[in-house]
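Enquirer: I have a structure I would like to understand better, so I am pasting it below and will then ask my questions one at a time.
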Amino acid sequence: MKIGVLLKQVPDTETKIKIRADGKGVEEGEIKWVINPYDEYAVEEALRLKEKAGGEVVIVSAGPARATEAIRQALAMGADRGIRIDTTGIEQDPYTTAVMLAGAAKNESFEIIFAGKQAVDDDCAQVLIGVAEKLGWPHVTPVEKFALSGKTATLQRPVAGGTKEMIEADLPVVVGCEKGLNEPRYASLPGIMKAKSKPVAELKASELLGTERARINVTKYSLPPERRAGKIIPGEPEAAAAELVRLLREEAKVI
Amino acid sequence: MGNVLIVAEHANGKIKKYSFELAGKASELAKELKGTVTALLIGEGAEAQAGELGHYGASKVITASHAELKYYTPEGYSKVLSDVIAQEKPDVVLGTASSTGKDLLARTAMRLGVGLASDCVDMSVSNGKLLVSRPVYAGKAIIEAIPEGIPQMATSRPNTYPVPAPQSDSPSVVVFQTDPGRIKARVKEVVESEAGMMDLTEAERIVSGGRAMGSADNFKLIKELAKAIGATVGASRAAVDAGFASHDHQVGQTGKTVNPTLYIACGISGAIQHLAGMRTSKVIVAVNKDPEAPIFSKADYGIVGDLFKVVPILTEKFKKLLQE
Ligand SMILES: Cc1cc2nc3c(=O)[nH]c(=O)nc-3n(C[C@H](O)[C@H](O)[C@H](O)COP(=O)(O)OP(=O)(O)OC[C@H]3O[C@@H](n4cnc5c(N)ncnc54)[C@H](O)[C@@H]3O)c2cc1C
Ligand SMILES: Nc1ncnc2c1ncn2[C@@H]1O[C@H](COP(=O)(O)O)[C@@H](O)[C@H]1O
């Protein structure tokens, strides 16, 4: 089975974000880059499927040269090869990213694609959906349980308030992976050694995009308003609790 | 002329409160665009309630039902939404950043080849166009952006705007004859785990417990406090990983992003990934025994103390207050 994984390299969740002086982006200098946490679930699920069904796991990432590092990490986990769409100088938004990824996926004729439910930098939760639409495939996201029998996938999708949908999807399908789907494995030392010689092909973004342009025009980056520390309510539990209840009613007016 | 189409949602025969919120905001935007608001209600069970959307600013409501639209499917619903957009030709299409809204608008925007800004925390009109603000990097930065194309599309985070006072206006309600097309991912079954639990992303009040709760059994202190004030129960990742609460309850970067009026964090240190999910809460309360806990630097009100003493007293006091 030919399995695709959409993988994005993002800043580590601990990274402090600094806005560039021109307000048009963030400073990338001190960022520590990692695989998007949800995409690790996607890699793991793809590897598990390959272990059952055989075939090949191909990692596809659209990003600048540094993204190759994230692809190598997934190869070290056990994926077979990688494709990096070089986006240097390209205006990347969910639309253009989905167009490029769908283009690369089409060339590969994947039978299934795993992605993260969301990238933790732009927090859009759009790209995998765009890829599915562009390919004319169904998508299911977020997914916390996945099983495949023949050409039909069974998926569990959490929706509002603890309710879960059980979904049946015809292959090919794009699956957006949620925390809880699996426990991603760590790369083993031999895995890391092997990854060094696995192929990572490079595609040009402009060839996949043609005349397509970004659909989101970002006019400004800023920092969120700082929350200032409020009141510490002194006193023994009894008195402090009474005062808190009073403040929530009379001052904050939320009760 | 700039007309706004909103996607309204419903569950159990009732229109969602966040859809009234959205109708209210949309009617403000439509005024500036010199247009009107049309609401679209897809699926079965709430057609009789459609007129209520008129009380919050929609001058027209379109209902679209079909046996294949009983449950949300991205393929079926996006086909209907695109068909309605083709007929109505709105300049702006808005939805809520709920599990349905985010998914549906993303699929539809791609289908139409237009820009979508998801999970917005502000929307306004600038030079005759929709301008939005949305958090990125888990709320560590905010971008201002213009979604390009016609229609411009955006989803709004629930609880961002107040629900306007209802007016007595009644909208025209029209039925849209619809064909959801071929659906390749079908909902076979819907399982409710905790009946009646409101989703954290919509909740107006949340009480969350952290690692300090110590056990699933002790988590009932959180549930009792939540019940006393009509809140939904949340949890930190440490509490979820330890099995005190299920993942549906997790607030934070790899859990839910919440936006309540009141967030009470009990025995939660305030790690950056937890803050990522709740920093836009209007009022934050922290109960923690460590006066140095980072959560206190973000909290509006804090009590330094043992939660096992403080929380039950709080529950009693709220119960008393709310009974009066
Ligand atoms: C990629 C990534 C994603 C993550 N995503 C999330 C996420 O979505 N959500 C999330 O919450 N975390 C997330 N985390 C984890 C996060 O970094 C913290 O580890 C977690 O939030 C800590 O949970 P906690 O505050 O309950 O536990 P702790 O940090 O252990 O804090 C417990 C607190 O309880 C206090 N305490 C102890 N006993 C008592 C008592 N008797 N009375 C009162 N107070 C007491 C202590 O002083 C302490 O402050 C993520 C981490 C990573 C790396
Ligand atoms: N540049 C990219 N390269 C590869 N995959 C991506 C890229 N951007 C997003 N994705 C995939 O799409 C998912 C959702 O991303 P987003 O819409 O940006 O939140 C991610 O978890 C990835 O699996």
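Ordered as shown in the structure tokens, chains take letters A, B, and onward, while each chain numbers its residues from 1 and ligands are numbered from 1 in the order shown.
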What lies within 7 Å of B:Gly95 using only C-alpha atoms, ignoring chain neighbours under 4 positions off, as a VMD selection string?
Expert: chain B and resid 6 to 7 101 154 to 156
Enquirer: Could you dump the residues just selected with N, CA, C and O atoms as a short mmCIF file (atom, residue, chain, number, x, y, z; two decimals), in the first residue's frame?
Expert:
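Result file is part.cif:
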data_model
loop_
_atom_site.label_atom_id
_atom_site.label_comp_id
_atom_site.auth_asym_id
_atom_site.auth_seq_id
_atom_site.Cartn_x
_atom_site.Cartn_y
_atom_site.Cartn_z
N ILE B 6 -24.36 33.62 6.81
CA ILE B 6 -23.78 32.90 7.96
C ILE B 6 -24.28 31.46 7.96
O ILE B 6 -25.39 31.17 7.54
N VAL B 7 -23.42 30.58 8.42
CA VAL B 7 -23.79 29.18 8.57
C VAL B 7 -24.21 28.99 10.02
O VAL B 7 -23.38 29.13 10.93
N GLY B 101 -18.21 23.87 11.98
CA GLY B 101 -17.97 25.10 11.22
C GLY B 101 -16.58 25.16 10.61
O GLY B 101 -16.42 25.50 9.43
N ALA B 154 -14.62 33.39 6.80
CA ALA B 154 -13.97 33.35 8.12
C ALA B 154 -14.81 32.54 9.09
O ALA B 154 -16.03 32.46 8.94
N THR B 155 -14.14 31.93 10.08
CA THR B 155 -14.88 31.34 11.20
C THR B 155 -14.49 32.10 12.47
O THR B 155 -13.35 32.52 12.64
N SER B 156 -15.47 32.25 13.35
CA SER B 156 -15.30 33.07 14.54
C SER B 156 -15.28 32.17 15.79
O SER B 156 -16.09 31.24 15.89
#
Enquirer: I want to know what sits within 6 Å of A:Pro138, based on only C-alpha atoms, with residues of the same chain fewer than 2 positions away left out; could you give that as number ranges by chain?
Expert: A: 132, 173; B: 185
Enquirer: Can you write just those residues out, all heavy atoms, as a PDB file, in the first residue's frame?
Expert:
ATOM      1  N   ALA A 132      -7.553  17.177   0.493  1.00  0.00           N
ATOM      2  CA  ALA A 132      -8.597  16.197   0.169  1.00  0.00           C
ATOM      3  C   ALA A 132      -9.537  16.752  -0.903  1.00  0.00           C
ATOM      4  O   ALA A 132      -9.852  16.072  -1.878  1.00  0.00           O
ATOM      5  CB  ALA A 132      -9.383  15.823   1.429  1.00  0.00           C
ATOM      6  N   VAL A 173      -8.546   8.266   1.222  1.00  0.00           N
ATOM      7  CA  VAL A 173      -9.083   9.232   2.180  1.00  0.00           C
ATOM      8  C   VAL A 173      -7.914   9.972   2.845  1.00  0.00           C
ATOM      9  O   VAL A 173      -6.811   9.423   2.941  1.00  0.00           O
ATOM     10  CB  VAL A 173      -9.970   8.503   3.224  1.00  0.00           C
ATOM     11  CG1 VAL A 173      -9.183   7.481   4.026  1.00  0.00           C
ATOM     12  CG2 VAL A 173     -10.649   9.482   4.183  1.00  0.00           C
TER      13      VAL A 173
ATOM     14  N   ALA B 185     -17.501   9.440   2.796  1.00  0.00           N
ATOM     15  CA  ALA B 185     -17.204   9.229   4.224  1.00  0.00           C
ATOM     16  C   ALA B 185     -18.509   9.443   4.982  1.00  0.00           C
ATOM     17  O   ALA B 185     -18.999  10.566   5.090  1.00  0.00           O
ATOM     18  CB  ALA B 185     -16.123  10.187   4.696  1.00  0.00           C
TER      19      ALA B 185
END
Enquirer: Please tabulate, as a Markdown table, the residues of chain B that come within 12 Å of ligand 2, each with its closest pair of atoms and the distance in Å to one decimal, counting only C-alpha atoms and all ligand atoms and ordering rows by chain, then residue number upward.
Expert:
| residue | atom | partner | partner_atom_place_in_ligand_line | distance |
| --- | --- | --- | --- | --- |
| B:Lys102 | CA | ligand 2 | 17 (O) | 10.7 |
| B:Asp103 | CA | ligand 2 | 17 (O) | 10.6 |
| B:Ala106 | CA | ligand 2 | 17 (O) | 9.1 |
| B:Arg107 | CA | ligand 2 | 17 (O) | 11.3 |
| B:Met110 | CA | ligand 2 | 17 (O) | 11.8 |
| B:Leu116 | CA | ligand 2 | 17 (O) | 10.8 |
| B:Ala117 | CA | ligand 2 | 17 (O) | 10.7 |
| B:Ser118 | CA | ligand 2 | 17 (O) | 9.5 |
| B:Asp119 | CA | ligand 2 | 19 (O) | 11.1 |
| B:Val136 | CA | ligand 2 | 19 (O) | 10.1 |
| B:Tyr137 | CA | ligand 2 | 19 (O) | 10.6 |
| B:Ala138 | CA | ligand 2 | 19 (O) | 11.2 |
| B:Thr254 | CA | ligand 2 | 21 (O) | 11.8 |
Enquirer: Residues within 12 Å of B:Lys319, please, as a list in words. Count only C-alpha atoms; anything in the same chain fewer than 2 positions from it doesn't count.
Expert: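 So, after excluding close chain neighbours, the residues are Ala242, Val245 and Ile255 of chain A; Glu224, Leu225, Ala226, Lys227, Ala228, Ile229, Gly230, Pro312, Ile313, Leu314, Thr315, Glu316, Lys317, Leu321, Leu322, Gln323 and Glu324 of chain B.
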Enquirer: Would you please extract all strand (DSSP E or B) residues from stretch 3-252 of chain A, as assigned by DSSP on the backbone, and give them as a PyMOL selection string?
Expert: chain A and resi 3-6+9-11+19+26+33-35+56-63+81-86+112-116+139-143+145-149+152-158+163-170+174-177+200-204+216-222+231-232
Enquirer: Based on only C-alpha atoms, which of the residues in chain B come within 6 Å of chain A? I want them as an MDAnalysis selection string.
Expert: chainID B and resid 106:107 110 115 118 136:137 141:148 184:193 197:199 248 297:303 310 314
Enquirer: At a cut-off of 9 Å around ligand 1, and using only C-alpha atoms and all ligand atoms, what residues come up? Please write them as an mmCIF file with N, CA, C and O atoms, in the first residue's frame.
Expert:
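Output file part_33.cif follows:
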data_model
loop_
_atom_site.group_PDB
_atom_site.id
_atom_site.type_symbol
_atom_site.label_atom_id
_atom_site.label_comp_id
_atom_site.auth_asym_id
_atom_site.auth_seq_id
_atom_site.Cartn_x
_atom_site.Cartn_y
_atom_site.Cartn_z
ATOM 1 N N ASP A 12 9.070 24.633 18.249
ATOM 2 C CA ASP A 12 8.788 23.896 19.472
ATOM 3 C C ASP A 12 7.779 24.693 20.300
ATOM 4 O O ASP A 12 7.806 25.924 20.301
ATOM 5 N N THR A 13 6.885 23.966 21.003
ATOM 6 C CA THR A 13 5.807 24.674 21.712
ATOM 7 C C THR A 13 6.318 25.589 22.832
ATOM 8 O O THR A 13 5.613 26.475 23.271
ATOM 9 N N GLU A 14 7.573 25.353 23.285
ATOM 10 C CA GLU A 14 8.133 26.217 24.344
ATOM 11 C C GLU A 14 8.720 27.512 23.772
ATOM 12 O O GLU A 14 9.049 28.427 24.517
ATOM 13 N N ASN A 36 5.625 18.956 13.757
ATOM 14 C CA ASN A 36 4.339 19.325 14.341
ATOM 15 C C ASN A 36 3.810 18.136 15.170
ATOM 16 O O ASN A 36 3.739 17.017 14.658
ATOM 17 N N PRO A 37 3.482 18.365 16.460
ATOM 18 C CA PRO A 37 3.108 17.230 17.334
ATOM 19 C C PRO A 37 2.032 16.316 16.741
ATOM 20 O O PRO A 37 2.141 15.095 16.848
ATOM 21 N N TYR A 38 1.016 16.881 16.088
ATOM 22 C CA TYR A 38 -0.041 16.028 15.526
ATOM 23 C C TYR A 38 0.460 15.213 14.331
ATOM 24 O O TYR A 38 -0.078 14.155 14.025
ATOM 25 N N GLY B 209 -9.160 20.947 36.548
ATOM 26 C CA GLY B 209 -8.286 20.369 37.567
ATOM 27 C C GLY B 209 -6.988 19.899 36.944
ATOM 28 O O GLY B 209 -6.964 19.496 35.783
ATOM 29 N N GLY B 210 -5.908 19.950 37.720
ATOM 30 C CA GLY B 210 -4.598 19.548 37.224
ATOM 31 C C GLY B 210 -4.062 18.317 37.921
ATOM 32 O O GLY B 210 -4.806 17.578 38.585
ATOM 33 N N ARG B 211 -2.775 18.113 37.766
ATOM 34 C CA ARG B 211 -2.092 16.968 38.342
ATOM 35 C C ARG B 211 -2.349 16.850 39.844
ATOM 36 O O ARG B 211 -2.456 15.752 40.394
ATOM 37 N N ALA B 212 -2.473 18.016 40.499
ATOM 38 C CA ALA B 212 -2.629 18.029 41.951
ATOM 39 C C ALA B 212 -3.885 17.309 42.429
ATOM 40 O O ALA B 212 -3.994 16.962 43.600
ATOM 41 N N MET B 213 -4.833 17.042 41.546
ATOM 42 C CA MET B 213 -6.057 16.338 41.966
ATOM 43 C C MET B 213 -5.714 14.947 42.491
ATOM 44 O O MET B 213 -6.429 14.408 43.325
ATOM 45 N N GLY B 214 -4.651 14.352 41.969
ATOM 46 C CA GLY B 214 -4.151 13.106 42.544
ATOM 47 C C GLY B 214 -4.842 11.835 42.106
ATOM 48 O O GLY B 214 -4.211 10.782 42.039
ATOM 49 N N ALA B 235 -9.458 19.991 32.131
ATOM 50 C CA ALA B 235 -8.322 19.346 32.790
ATOM 51 C C ALA B 235 -7.032 19.755 32.103
ATOM 52 O O ALA B 235 -7.035 20.124 30.927
ATOM 53 N N SER B 236 -5.930 19.676 32.852
ATOM 54 C CA SER B 236 -4.623 19.889 32.228
ATOM 55 C C SER B 236 -4.196 18.577 31.575
ATOM 56 O O SER B 236 -4.768 17.521 31.828
ATOM 57 N N ARG B 237 -3.163 18.651 30.757
ATOM 58 C CA ARG B 237 -2.681 17.432 30.122
ATOM 59 C C ARG B 237 -2.143 16.461 31.158
ATOM 60 O O ARG B 237 -2.321 15.253 31.024
ATOM 61 N N ALA B 238 -1.486 16.991 32.188
ATOM 62 C CA ALA B 238 -0.950 16.097 33.224
ATOM 63 C C ALA B 238 -2.090 15.299 33.849
ATOM 64 O O ALA B 238 -1.950 14.102 34.123
ATOM 65 N N ALA B 239 -3.234 15.947 34.077
ATOM 66 C CA ALA B 239 -4.384 15.247 34.668
ATOM 67 C C ALA B 239 -4.952 14.224 33.693
ATOM 68 O O ALA B 239 -5.363 13.126 34.105
ATOM 69 N N VAL B 240 -4.952 14.558 32.406
ATOM 70 C CA VAL B 240 -5.470 13.621 31.402
ATOM 71 C C VAL B 240 -4.518 12.430 31.257
ATOM 72 O O VAL B 240 -4.933 11.270 31.277
ATOM 73 N N GLN B 250 -9.347 17.898 27.929
ATOM 74 C CA GLN B 250 -8.057 18.597 27.983
ATOM 75 C C GLN B 250 -8.101 19.990 27.353
ATOM 76 O O GLN B 250 -8.537 20.168 26.225
ATOM 77 N N VAL B 251 -7.611 20.947 28.127
ATOM 78 C CA VAL B 251 -7.514 22.327 27.662
ATOM 79 C C VAL B 251 -6.052 22.607 27.350
ATOM 80 O O VAL B 251 -5.173 22.268 28.146
ATOM 81 N N GLY B 252 -5.775 23.223 26.208
ATOM 82 C CA GLY B 252 -4.399 23.596 25.921
ATOM 83 C C GLY B 252 -4.022 23.353 24.482
ATOM 84 O O GLY B 252 -4.870 23.037 23.650
ATOM 85 N N GLN B 253 -2.740 23.487 24.236
ATOM 86 C CA GLN B 253 -2.240 23.430 22.871
ATOM 87 C C GLN B 253 -2.584 22.124 22.168
ATOM 88 O O GLN B 253 -2.888 22.124 20.986
ATOM 89 N N THR B 254 -2.511 21.000 22.875
ATOM 90 C CA THR B 254 -2.893 19.737 22.250
ATOM 91 C C THR B 254 -4.251 19.270 22.769
ATOM 92 O O THR B 254 -4.574 18.087 22.696
ATOM 93 N N GLY B 255 -5.015 20.204 23.301
ATOM 94 C CA GLY B 255 -6.378 19.900 23.728
ATOM 95 C C GLY B 255 -7.298 20.928 23.093
ATOM 96 O O GLY B 255 -7.115 21.297 21.944
ATOM 97 N N LYS B 256 -8.260 21.397 23.865
ATOM 98 C CA LYS B 256 -9.216 22.356 23.324
ATOM 99 C C LYS B 256 -8.764 23.792 23.578
ATOM 100 O O LYS B 256 -8.139 24.082 24.603
ATOM 101 N N THR B 257 -9.119 24.678 22.663
ATOM 102 C CA THR B 257 -8.941 26.107 22.892
ATOM 103 C C THR B 257 -10.278 26.628 23.390
ATOM 104 O O THR B 257 -11.292 26.454 22.727
ATOM 105 N N ALA B 265 -8.950 27.520 37.503
ATOM 106 C CA ALA B 265 -7.901 26.501 37.396
ATOM 107 C C ALA B 265 -7.506 26.045 38.797
ATOM 108 O O ALA B 265 -7.053 26.855 39.603
ATOM 109 N N CYS B 266 -7.682 24.762 39.072
ATOM 110 C CA CYS B 266 -7.385 24.241 40.411
ATOM 111 C C CYS B 266 -6.208 23.270 40.338
ATOM 112 O O CYS B 266 -6.289 22.248 39.646
ATOM 113 N N GLY B 267 -5.134 23.585 41.039
ATOM 114 C CA GLY B 267 -3.984 22.693 41.040
ATOM 115 C C GLY B 267 -3.358 22.541 39.673
ATOM 116 O O GLY B 267 -2.920 21.463 39.280
ATOM 117 N N ILE B 268 -3.335 23.643 38.928
ATOM 118 C CA ILE B 268 -2.713 23.682 37.595
ATOM 119 C C ILE B 268 -1.603 24.724 37.663
ATOM 120 O O ILE B 268 -1.829 25.845 38.118
ATOM 121 N N SER B 269 -0.397 24.341 37.196
ATOM 122 C CA SER B 269 0.737 25.255 37.366
ATOM 123 C C SER B 269 0.691 26.428 36.388
ATOM 124 O O SER B 269 1.173 27.514 36.698
ATOM 125 N N GLY B 270 0.119 26.206 35.194
ATOM 126 C CA GLY B 270 0.082 27.291 34.220
ATOM 127 C C GLY B 270 1.208 27.201 33.208
ATOM 128 O O GLY B 270 1.783 28.220 32.812
ATOM 129 N N ALA B 271 1.508 25.983 32.753
ATOM 130 C CA ALA B 271 2.526 25.785 31.713
ATOM 131 C C ALA B 271 2.069 26.485 30.433
ATOM 132 O O ALA B 271 0.871 26.642 30.195
ATOM 133 N N ILE B 272 3.057 26.871 29.631
ATOM 134 C CA ILE B 272 2.755 27.650 28.423
ATOM 135 C C ILE B 272 1.753 26.925 27.513
ATOM 136 O O ILE B 272 0.871 27.546 26.929
ATOM 137 N N GLN B 273 1.838 25.580 27.459
ATOM 138 C CA GLN B 273 0.913 24.846 26.588
ATOM 139 C C GLN B 273 -0.506 24.823 27.156
ATOM 140 O O GLN B 273 -1.472 24.649 26.428
ATOM 141 N N HIS B 274 -0.630 24.955 28.479
ATOM 142 C CA HIS B 274 -1.973 25.044 29.050
ATOM 143 C C HIS B 274 -2.538 26.443 28.797
ATOM 144 O O HIS B 274 -3.682 26.588 28.349
ATOM 145 N N LEU B 275 -1.716 27.451 29.042
ATOM 146 C CA LEU B 275 -2.147 28.835 28.811
ATOM 147 C C LEU B 275 -2.593 29.037 27.366
ATOM 148 O O LEU B 275 -3.537 29.774 27.094
ATOM 149 N N ALA B 276 -1.923 28.334 26.443
ATOM 150 C CA ALA B 276 -2.261 28.461 25.023
ATOM 151 C C ALA B 276 -3.738 28.199 24.781
ATOM 152 O O ALA B 276 -4.337 28.796 23.894
ATOM 153 N N GLY B 277 -4.325 27.336 25.590
ATOM 154 C CA GLY B 277 -5.719 26.968 25.359
ATOM 155 C C GLY B 277 -6.728 27.832 26.073
ATOM 156 O O GLY B 277 -7.920 27.745 25.779
ATOM 157 N N VAL B 287 -6.432 28.498 41.866
ATOM 158 C CA VAL B 287 -6.258 28.001 43.233
ATOM 159 C C VAL B 287 -5.039 27.095 43.170
ATOM 160 O O VAL B 287 -5.036 26.090 42.461
ATOM 161 N N ASN B 288 -3.981 27.472 43.908
ATOM 162 C CA ASN B 288 -2.741 26.710 43.847
ATOM 163 C C ASN B 288 -1.997 26.936 45.157
ATOM 164 O O ASN B 288 -2.009 28.031 45.701
ATOM 165 N N LYS B 289 -1.333 25.875 45.645
ATOM 166 C CA LYS B 289 -0.678 26.046 46.947
ATOM 167 C C LYS B 289 0.687 26.727 46.821
ATOM 168 O O LYS B 289 1.239 27.185 47.815
ATOM 169 N N ASP B 290 1.178 26.819 45.575
ATOM 170 C CA ASP B 290 2.495 27.428 45.371
ATOM 171 C C ASP B 290 2.332 28.888 44.926
ATOM 172 O O ASP B 290 1.888 29.138 43.811
ATOM 173 N N PRO B 291 2.706 29.839 45.770
ATOM 174 C CA PRO B 291 2.516 31.252 45.395
ATOM 175 C C PRO B 291 3.325 31.646 44.158
ATOM 176 O O PRO B 291 3.022 32.646 43.513
ATOM 177 N N GLU B 292 4.343 30.838 43.813
ATOM 178 C CA GLU B 292 5.183 31.151 42.648
ATOM 179 C C GLU B 292 4.637 30.522 41.358
ATOM 180 O O GLU B 292 5.238 30.671 40.296
ATOM 181 N N ALA B 293 3.554 29.784 41.433
ATOM 182 C CA ALA B 293 3.047 29.098 40.229
ATOM 183 C C ALA B 293 2.770 30.123 39.128
ATOM 184 O O ALA B 293 2.148 31.157 39.379
ATOM 185 N N PRO B 294 3.248 29.838 37.885
ATOM 186 C CA PRO B 294 3.080 30.807 36.786
ATOM 187 C C PRO B 294 1.620 31.195 36.521
ATOM 188 O O PRO B 294 1.351 32.288 36.036
ATOM 189 N N ILE B 295 0.691 30.320 36.848
ATOM 190 C CA ILE B 295 -0.723 30.619 36.580
ATOM 191 C C ILE B 295 -1.144 31.923 37.254
ATOM 192 O O ILE B 295 -1.970 32.665 36.731
ATOM 193 N N VAL B 304 -3.977 31.379 47.246
ATOM 194 C CA VAL B 304 -2.844 30.513 47.535
ATOM 195 C C VAL B 304 -3.281 29.592 48.666
ATOM 196 O O VAL B 304 -3.551 30.044 49.770
ATOM 197 N N GLY B 305 -3.409 28.316 48.360
ATOM 198 C CA GLY B 305 -3.853 27.397 49.407
ATOM 199 C C GLY B 305 -4.069 26.003 48.858
ATOM 200 O O GLY B 305 -3.925 25.763 47.656
ATOM 201 N N ASP B 306 -4.428 25.099 49.768
ATOM 202 C CA ASP B 306 -4.649 23.697 49.432
ATOM 203 C C ASP B 306 -6.026 23.556 48.773
ATOM 204 O O ASP B 306 -7.044 23.844 49.408
ATOM 205 N N LEU B 307 -6.031 23.091 47.554
ATOM 206 C CA LEU B 307 -7.311 22.998 46.847
ATOM 207 C C LEU B 307 -8.289 22.055 47.533
ATOM 208 O O LEU B 307 -9.499 22.228 47.434
ATOM 209 N N PHE B 308 -7.746 21.047 48.213
ATOM 210 C CA PHE B 308 -8.657 20.094 48.885
ATOM 211 C C PHE B 308 -9.438 20.779 50.007
ATOM 212 O O PHE B 308 -10.494 20.320 50.400
ATOM 213 N N LYS B 309 -8.898 21.894 50.526
ATOM 214 C CA LYS B 309 -9.658 22.679 51.507
ATOM 215 C C LYS B 309 -10.492 23.733 50.796
ATOM 216 O O LYS B 309 -11.673 23.907 51.090
ATOM 217 N N VAL B 310 -9.867 24.442 49.853
ATOM 218 C CA VAL B 310 -10.519 25.619 49.263
ATOM 219 C C VAL B 310 -11.695 25.240 48.353
ATOM 220 O O VAL B 310 -12.773 25.846 48.442
#
Enquirer: So what do you get for atom CA of B:Ser246 versus atom CA of A:Ala115, distance-wise?
Expert: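 It comes out at 23.0 Å.
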Enquirer: Contacts of B:Ser172 at 9 Å or less, counting only C-alpha atoms, minus same-chain residues fewer than 3 places along, as JSON, numbers by chain?
Expert: {"B": [51, 54, 59, 60, 61, 62]}
Enquirer: For the residues in the current selection, export N, CA and C atoms as a compact mmCIF listing (two decimals), in the first residue's frame.
Expert:
# COMPACT_ATOMS: atom_id res chain seq x y z
N GLY B 51 -36.83 30.75 12.30
CA GLY B 51 -37.21 32.15 12.44
C GLY B 51 -36.49 32.88 13.56
N GLY B 54 -33.86 35.42 12.97
CA GLY B 54 -34.28 36.77 12.62
C GLY B 54 -34.22 37.72 13.80
N SER B 59 -32.10 38.66 8.00
CA SER B 59 -33.36 39.07 7.39
C SER B 59 -33.95 37.92 6.56
N LYS B 60 -33.12 36.91 6.32
CA LYS B 60 -33.61 35.75 5.56
C LYS B 60 -32.93 34.50 6.13
N VAL B 61 -33.70 33.42 6.19
CA VAL B 61 -33.10 32.16 6.63
C VAL B 61 -33.40 31.10 5.56
N ILE B 62 -32.34 30.38 5.17
CA ILE B 62 -32.49 29.32 4.19
C ILE B 62 -32.33 27.99 4.91
Enquirer: Can you tell me, as a PyMOL selection string, which residues in stretch 7-247 of chain B count as alpha helix (DSSP H) by DSSP?
Expert: chain B and resi 17-33+74-88+99-112+220-228+237-241
